[in-house]
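A.B. asks: If you scroll down you'll find the structure; I have some questions about it.
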Amino acid sequence: MGSDAPLSADKDVLVDANIFFAIGHPSNPQYRRFRSAVQNAGVVCKLPRRVIGELGGPETERVRTALDEGWATIIDAPSPTDGDAVAASDIARRTIANETDQAEHEVEKTDAILAGLAIQYVRDRATAGVVVLTDDKPARKGIENAVRAQGYTDAIAVYGLADIIGDDPGDSMRLI
Amino acid sequence: MTPDHDRVRPDGGIDALDPPPMDVMDEETLKPETLAQNAPRLETVVQLLNHPALARVYVYVCYWGPVAPPEIMETLDLSKSTTYEYVDRLVDLGLVDRDDSTRPQQLTADPIIIVEQYVPIVITPTVLHALALQEIDEDVEYFIDRYGIGKLIAALRGAGLHVAGKTTQRMVANDIDVRETEAMMIIYALKPVLAVGREHDPFFEYLFPDVHDEMDLPDLDENDGAPTPSSDPDR
């Protein structure tokens, strides 16, 4: 789904915590590649407050660097009274439960929240669309299902880290 | 007595008294000579579990052997004396074979496996690799310091399920009872273990019977057969 260039300045980009763990510390080549992909596209990554908490707070080095350099910002979770967002989160939760063979109440709240946020952003903001970045396949599928169910298929795209900075060449990992 | 598998402790142990069926032990298994044969094997594994630096050399030789000591020195960034000390210990323990007929000597190691379904315990080169990573990775070191080896193995299994798309990282956190931050951190830290284990550990499937061929991991460049010594340890 989506066009060939996943990131563009006219879209809102929501980012899950695992992306920031996957890119590692600011000294890491993956971090640098991610930063230049984001900056070249003229994008400011939106990090939900819950996600910031998971990352260890806004003072954690990798978060602080992104905030200071102006390519990330903190946003609030969707309002618990926003019907569309709640419905989307519910669909995402059901999908994740199904994908992982778990009961719905076993699904972590934050895994489902991005779907609600994505719907809220695309509905309320006059942007060209919303991009969600997450490295979790079941969560990705959850967002895609929620988007489809609510009819925003063309406006919301979900990507993993590899879609942004390319496949990990393997030789960048210290193996042993 | 009914086994109570719901009472698995976060460290992977089982809380309840859950003895295996009596018939797993028989006269044959309990023969003094059989037990005597197993004794050194138990000892070697205990040695590896207690000495991650030693386990690191063992896993390297096991995965990339035959190798010569200078290669170990260079790739693992060890001093000459430490390298020879570890190699001697591994040879004494019977874990590494030394071929002195060539110069330099060539080392090889057979992969070991211990599976005990009643506890449960599974120890394979992949598990030893995860353990050994604490020597070079501060995230793994932190995790083991805080939670122990049992939970590291649980995290390794969770990491495998995650890269196979069978679970989310937050679910792993919940399953093994660690903070979400810690789960995400350890899952990425263990990725090299999975990528290498899939290629080199013949017993990889014992840990991942269900998902070993579904993992989305980088393909390793195996042209020279071994990792480069200059890789950046930062992730």
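Following the order of the structure tokens, first chain is A, next is B, and so on, with residues numbered from 1 inside each chain and ligands from 1 in the order they appear.
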Determine, for each residue of stretch 29-54 of chain B having at least one atom at most 10 Å from an atom of stretch 91-101 of chain B, the closest pair of atoms and their separation in Å to one decimal, counting only C-alpha atoms; order by chain and ascending number, as a tab-separated table.
C.D. replies:
residue	atom	partner	partner_atom	distance
B:Pro40	CA	B:Leu93	CA	7.8
B:Arg41	CA	B:Leu93	CA	8.6
B:Glu43	CA	B:Leu93	CA	8.4
B:Thr44	CA	B:Leu93	CA	6.0
B:Val45	CA	B:Leu95	CA	9.4
B:Gln47	CA	B:Leu93	CA	8.8
B:Leu48	CA	B:Leu95	CA	9.8
A.B. asks: Hey, can you spit out that residue selection with C-alpha atoms as a compact mmCIF listing (two decimals), in the first residue's frame?
C.D. replies:
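Generated output (selection.txt):
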# COMPACT_ATOMS: atom_id res chain seq x y z
CA PRO B 40 31.56 -34.86 32.54
CA ARG B 41 28.91 -33.60 30.14
CA GLU B 43 30.18 -30.47 34.29
CA THR B 44 31.12 -28.94 30.96
CA VAL B 45 27.75 -27.28 30.56
CA GLN B 47 31.36 -24.48 33.20
CA LEU B 48 30.00 -22.79 30.10
A.B. asks: Based on DSSP run over this structure's backbone, return all residues of chain A in strand (DSSP E or B), as a list in words.
C.D. replies: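 Of chain A, the ones in strand (DSSP E or B) are Lys11, Asp12, Val13, Leu14, Val15, Cys45, Lys46, Leu47, Pro48, Ala72, Thr73, Ile74, Ile75, Gly129, Val130, Val131, Val132, Leu133, Ile156, Ala157, Val158 and Tyr159 of chain A.
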A.B. asks: Show which residues sit within 12 Å of A:His105, as a PyMOL selection string. Count only C-alpha atoms, and ignore same-chain residues fewer than 3 positions away.
C.D. replies: (chain A and resi 90+93-94+96-98+101-102+108-109+111-112) or (chain B and resi 171+174)
A.B. asks: Just N, CA and C atoms for this one: save the residues we selected as a PDB file, in the first residue's frame.
C.D. replies:
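Result file is out_25.pdb:
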ATOM      1  N   ASP A  90     -10.131  -0.991  18.796  1.00  0.00           N
ATOM      2  CA  ASP A  90     -10.773  -2.284  19.062  1.00  0.00           C
ATOM      3  C   ASP A  90     -10.511  -3.278  17.932  1.00  0.00           C
ATOM      4  N   ARG A  93      -6.983  -4.391  18.123  1.00  0.00           N
ATOM      5  CA  ARG A  93      -6.781  -5.321  19.244  1.00  0.00           C
ATOM      6  C   ARG A  93      -7.257  -6.721  18.857  1.00  0.00           C
ATOM      7  N   ARG A  94      -8.427  -6.787  18.209  1.00  0.00           N
ATOM      8  CA  ARG A  94      -8.954  -8.098  17.789  1.00  0.00           C
ATOM      9  C   ARG A  94      -8.018  -8.772  16.789  1.00  0.00           C
ATOM     10  N   ILE A  96      -4.781  -8.266  16.406  1.00  0.00           N
ATOM     11  CA  ILE A  96      -3.535  -8.692  17.059  1.00  0.00           C
ATOM     12  C   ILE A  96      -3.780  -9.968  17.863  1.00  0.00           C
ATOM     13  N   ALA A  97      -4.914 -10.020  18.560  1.00  0.00           N
ATOM     14  CA  ALA A  97      -5.254 -11.216  19.337  1.00  0.00           C
ATOM     15  C   ALA A  97      -5.322 -12.427  18.418  1.00  0.00           C
ATOM     16  N   ASN A  98      -5.937 -12.237  17.280  1.00  0.00           N
ATOM     17  CA  ASN A  98      -6.107 -13.301  16.310  1.00  0.00           C
ATOM     18  C   ASN A  98      -4.755 -13.746  15.722  1.00  0.00           C
ATOM     19  N   ASP A 101      -2.754 -15.594  18.494  1.00  0.00           N
ATOM     20  CA  ASP A 101      -3.441 -16.638  19.263  1.00  0.00           C
ATOM     21  C   ASP A 101      -3.559 -16.308  20.740  1.00  0.00           C
ATOM     22  N   GLN A 102      -3.857 -15.054  21.024  1.00  0.00           N
ATOM     23  CA  GLN A 102      -4.012 -14.645  22.420  1.00  0.00           C
ATOM     24  C   GLN A 102      -5.441 -14.149  22.633  1.00  0.00           C
ATOM     25  N   GLU A 108      -1.617  -5.818  24.574  1.00  0.00           N
ATOM     26  CA  GLU A 108      -1.186  -4.607  25.260  1.00  0.00           C
ATOM     27  C   GLU A 108      -1.865  -3.384  24.647  1.00  0.00           C
ATOM     28  N   LYS A 109      -2.288  -2.488  25.523  1.00  0.00           N
ATOM     29  CA  LYS A 109      -3.058  -1.332  25.081  1.00  0.00           C
ATOM     30  C   LYS A 109      -2.309  -0.507  24.023  1.00  0.00           C
ATOM     31  N   ASP A 111      -0.183  -1.378  21.860  1.00  0.00           N
ATOM     32  CA  ASP A 111      -0.132  -2.010  20.542  1.00  0.00           C
ATOM     33  C   ASP A 111      -1.331  -1.612  19.685  1.00  0.00           C
ATOM     34  N   ALA A 112      -2.460  -1.345  20.329  1.00  0.00           N
ATOM     35  CA  ALA A 112      -3.683  -1.043  19.593  1.00  0.00           C
ATOM     36  C   ALA A 112      -3.915   0.464  19.421  1.00  0.00           C
TER      37      ALA A 112
ATOM     38  N   MET B 171       3.805  -7.874  24.097  1.00  0.00           N
ATOM     39  CA  MET B 171       3.294  -9.148  24.622  1.00  0.00           C
ATOM     40  C   MET B 171       4.427  -9.972  25.223  1.00  0.00           C
ATOM     41  N   ASN B 174       4.995  -8.773  28.661  1.00  0.00           N
ATOM     42  CA  ASN B 174       3.978  -9.280  29.555  1.00  0.00           C
ATOM     43  C   ASN B 174       4.206 -10.758  29.880  1.00  0.00           C
TER      44      ASN B 174
END
A.B. asks: Can you pull out every residue from stretch 1-221 of chain B that DSSP, working from the backbone, puts in helix (DSSP H, G or I), and format the result as a PyMOL selection string?
C.D. replies: chain B and resi 22-24+32-50+52-64+69-76+80-92+125-135+138-147+149-163+169-176+180-189+191-200+204-207
A.B. asks: With 10 Å as the limit and counting only C-alpha atoms, what residues in chain A lie close to chain B? Please list them as an MDAnalysis selection string.
C.D. replies: chainID A and resid 17:31 51 53:56 96:102 106:111 135:140 167:176
A.B. asks: Tell me, in Å to one decimal, how far atom CA of B:Asp201 is from atom CA of B:Met25.
C.D. replies: 29.1 Å
A.B. asks: Tell me which protein, DNA and RNA residues are within 10 Å of A:Val132, counting only C-alpha atoms, leaving out same-chain ones fewer than 2 positions away, and put them as a list in words.
C.D. replies: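 Once the adjacent positions are removed, what remains is Pro6, Leu7, Asp12, Val13, Leu14, Val15, Asp16, Cys45, Lys46, Leu114, Ala115, Leu117, Ala118, Val130, Thr134, Arg140, Ile143, Glu144, Ile156, Ala157, Val158, Tyr159 and Gly160 of chain A.
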A.B. asks: Take the selection from the previous step and output its residues with N, CA and C atoms, as an mmCIF file, in the first residue's frame.
C.D. replies:
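Resulting contents of result-v8.cif:
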data_model
loop_
_atom_site.group_PDB
_atom_site.id
_atom_site.type_symbol
_atom_site.label_atom_id
_atom_site.label_comp_id
_atom_site.auth_asym_id
_atom_site.auth_seq_id
_atom_site.Cartn_x
_atom_site.Cartn_y
_atom_site.Cartn_z
ATOM 1 N N PRO A 6 7.783 6.249 1.015
ATOM 2 C CA PRO A 6 6.898 6.132 2.172
ATOM 3 C C PRO A 6 6.729 7.441 2.935
ATOM 4 N N LEU A 7 7.827 8.215 3.060
ATOM 5 C CA LEU A 7 7.754 9.435 3.864
ATOM 6 C C LEU A 7 7.684 10.657 2.971
ATOM 7 N N ASP A 12 1.420 13.028 7.962
ATOM 8 C CA ASP A 12 1.752 12.874 9.378
ATOM 9 C C ASP A 12 2.379 11.505 9.581
ATOM 10 N N VAL A 13 3.488 11.469 10.293
ATOM 11 C CA VAL A 13 4.184 10.200 10.508
ATOM 12 C C VAL A 13 4.152 9.839 11.994
ATOM 13 N N LEU A 14 3.438 8.769 12.317
ATOM 14 C CA LEU A 14 3.349 8.294 13.697
ATOM 15 C C LEU A 14 4.347 7.146 13.876
ATOM 16 N N VAL A 15 5.092 7.185 14.977
ATOM 17 C CA VAL A 15 6.170 6.211 15.138
ATOM 18 C C VAL A 15 6.011 5.423 16.436
ATOM 19 N N ASP A 16 6.127 4.109 16.332
ATOM 20 C CA ASP A 16 6.043 3.224 17.490
ATOM 21 C C ASP A 16 7.409 3.123 18.182
ATOM 22 N N CYS A 45 8.629 13.270 13.071
ATOM 23 C CA CYS A 45 7.993 12.043 13.595
ATOM 24 C C CYS A 45 7.149 12.374 14.819
ATOM 25 N N LYS A 46 5.956 11.834 14.856
ATOM 26 C CA LYS A 46 5.094 12.037 16.013
ATOM 27 C C LYS A 46 5.167 10.822 16.924
ATOM 28 N N LEU A 114 -2.076 2.932 18.291
ATOM 29 C CA LEU A 114 -1.631 3.606 17.067
ATOM 30 C C LEU A 114 -2.713 3.607 15.991
ATOM 31 N N ALA A 115 -3.508 2.549 15.957
ATOM 32 C CA ALA A 115 -4.598 2.493 14.971
ATOM 33 C C ALA A 115 -5.588 3.619 15.225
ATOM 34 N N LEU A 117 -5.018 6.439 16.822
ATOM 35 C CA LEU A 117 -4.365 7.713 16.527
ATOM 36 C C LEU A 117 -4.345 7.992 15.030
ATOM 37 N N ALA A 118 -4.054 6.962 14.249
ATOM 38 C CA ALA A 118 -3.952 7.126 12.802
ATOM 39 C C ALA A 118 -5.287 7.601 12.231
ATOM 40 N N VAL A 130 -1.599 9.721 6.428
ATOM 41 C CA VAL A 130 -0.888 9.364 7.652
ATOM 42 C C VAL A 130 -0.029 8.136 7.381
ATOM 43 N N THR A 134 5.942 0.893 12.435
ATOM 44 C CA THR A 134 6.095 -0.053 13.550
ATOM 45 C C THR A 134 6.825 -1.286 13.059
ATOM 46 N N ARG A 140 1.082 -4.190 12.938
ATOM 47 C CA ARG A 140 0.956 -3.619 11.596
ATOM 48 C C ARG A 140 -0.328 -4.099 10.926
ATOM 49 N N ILE A 143 -3.408 -2.426 12.498
ATOM 50 C CA ILE A 143 -3.675 -1.070 11.997
ATOM 51 C C ILE A 143 -4.279 -1.146 10.594
ATOM 52 N N GLU A 144 -3.714 -2.008 9.758
ATOM 53 C CA GLU A 144 -4.224 -2.115 8.381
ATOM 54 C C GLU A 144 -5.691 -2.549 8.352
ATOM 55 N N ILE A 156 -4.014 6.058 4.760
ATOM 56 C CA ILE A 156 -3.113 5.609 5.821
ATOM 57 C C ILE A 156 -2.266 4.441 5.316
ATOM 58 N N ALA A 157 -0.959 4.533 5.520
ATOM 59 C CA ALA A 157 -0.074 3.438 5.149
ATOM 60 C C ALA A 157 0.773 3.040 6.349
ATOM 61 N N VAL A 158 1.043 1.751 6.476
ATOM 62 C CA VAL A 158 1.856 1.267 7.596
ATOM 63 C C VAL A 158 3.140 0.671 7.046
ATOM 64 N N TYR A 159 4.265 1.048 7.631
ATOM 65 C CA TYR A 159 5.551 0.539 7.175
ATOM 66 C C TYR A 159 6.389 0.036 8.339
ATOM 67 N N GLY A 160 7.357 -0.817 8.019
ATOM 68 C CA GLY A 160 8.361 -1.241 8.997
ATOM 69 C C GLY A 160 9.643 -0.466 8.771
#
A.B. asks: Using only C-alpha atoms, which residues sit within 8 Å of stretch 202-207 of chain B once same-chain residues fewer than 3 positions away are excluded, as a list in words?
C.D. replies: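 So, after excluding close chain neighbours, the residues are Pro111, Ile113, Val122, Thr124, Pro125, Thr126, Arg157, Gly197, Arg198, Asp210 and His212 of chain B.
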A.B. asks: Please, could you write that set of residues out with N, CA and C atoms as a PDB file, in the first residue's frame?
C.D. replies:
ATOM      1  N   PRO B 111      28.666 -29.182  18.365  1.00  0.00           N
ATOM      2  CA  PRO B 111      27.582 -28.495  19.080  1.00  0.00           C
ATOM      3  C   PRO B 111      27.043 -29.379  20.199  1.00  0.00           C
ATOM      4  N   ILE B 113      23.913 -30.204  23.024  1.00  0.00           N
ATOM      5  CA  ILE B 113      22.492 -29.956  23.275  1.00  0.00           C
ATOM      6  C   ILE B 113      22.067 -30.683  24.539  1.00  0.00           C
ATOM      7  N   VAL B 122      16.403 -26.006  27.965  1.00  0.00           N
ATOM      8  CA  VAL B 122      16.981 -26.289  26.658  1.00  0.00           C
ATOM      9  C   VAL B 122      18.257 -25.478  26.519  1.00  0.00           C
ATOM     10  N   THR B 124      21.398 -25.054  23.869  1.00  0.00           N
ATOM     11  CA  THR B 124      21.988 -25.337  22.564  1.00  0.00           C
ATOM     12  C   THR B 124      23.033 -24.253  22.307  1.00  0.00           C
ATOM     13  N   PRO B 125      23.810 -24.368  21.240  1.00  0.00           N
ATOM     14  CA  PRO B 125      24.751 -23.283  20.937  1.00  0.00           C
ATOM     15  C   PRO B 125      24.078 -21.912  20.864  1.00  0.00           C
ATOM     16  N   THR B 126      22.858 -21.851  20.365  1.00  0.00           N
ATOM     17  CA  THR B 126      22.146 -20.567  20.297  1.00  0.00           C
ATOM     18  C   THR B 126      21.956 -19.965  21.688  1.00  0.00           C
ATOM     19  N   ARG B 157      13.433 -16.949  23.256  1.00  0.00           N
ATOM     20  CA  ARG B 157      12.276 -17.597  22.625  1.00  0.00           C
ATOM     21  C   ARG B 157      11.258 -16.525  22.172  1.00  0.00           C
ATOM     22  N   GLY B 197      22.370 -18.222  14.699  1.00  0.00           N
ATOM     23  CA  GLY B 197      21.920 -19.551  15.108  1.00  0.00           C
ATOM     24  C   GLY B 197      21.174 -20.268  13.999  1.00  0.00           C
ATOM     25  N   ARG B 198      20.359 -19.517  13.294  1.00  0.00           N
ATOM     26  CA  ARG B 198      19.602 -20.101  12.195  1.00  0.00           C
ATOM     27  C   ARG B 198      20.537 -20.690  11.140  1.00  0.00           C
ATOM     28  N   ASP B 210       8.449 -24.466  15.927  1.00  0.00           N
ATOM     29  CA  ASP B 210       7.269 -23.950  15.229  1.00  0.00           C
ATOM     30  C   ASP B 210       7.570 -22.824  14.249  1.00  0.00           C
ATOM     31  N   HIS B 212      11.020 -21.753  13.125  1.00  0.00           N
ATOM     32  CA  HIS B 212      12.407 -21.584  12.685  1.00  0.00           C
ATOM     33  C   HIS B 212      12.527 -21.145  11.234  1.00  0.00           C
TER      34      HIS B 212
END
A.B. asks: Interatomic distance between atom CA of B:Pro70 and atom CA of B:Glu85?
C.D. replies: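 Rounded to one decimal, the two atoms are 12.9 Å apart.
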A.B. asks: Atom CA of B:Thr82 to atom CA of B:Thr102: how many Å, to one decimal?
C.D. replies: 21.6 Å
A.B. asks: Determine the nearest neighbour of A:Arg49 from the options A:Ala146, A:Ile113, A:Ala92, A:Ala85, counting only C-alpha atoms.
C.D. replies: A:Ile113
A.B. asks: For A:Ala72, which of A:Ser8, A:Thr127, A:Gln39, A:Gln150 is the closest residue, counting only C-alpha atoms?
C.D. replies: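 Going through A:Ser8, A:Thr127, A:Gln39, A:Gln150 one by one, the smallest distance to A:Ala72 is for A:Gln39.
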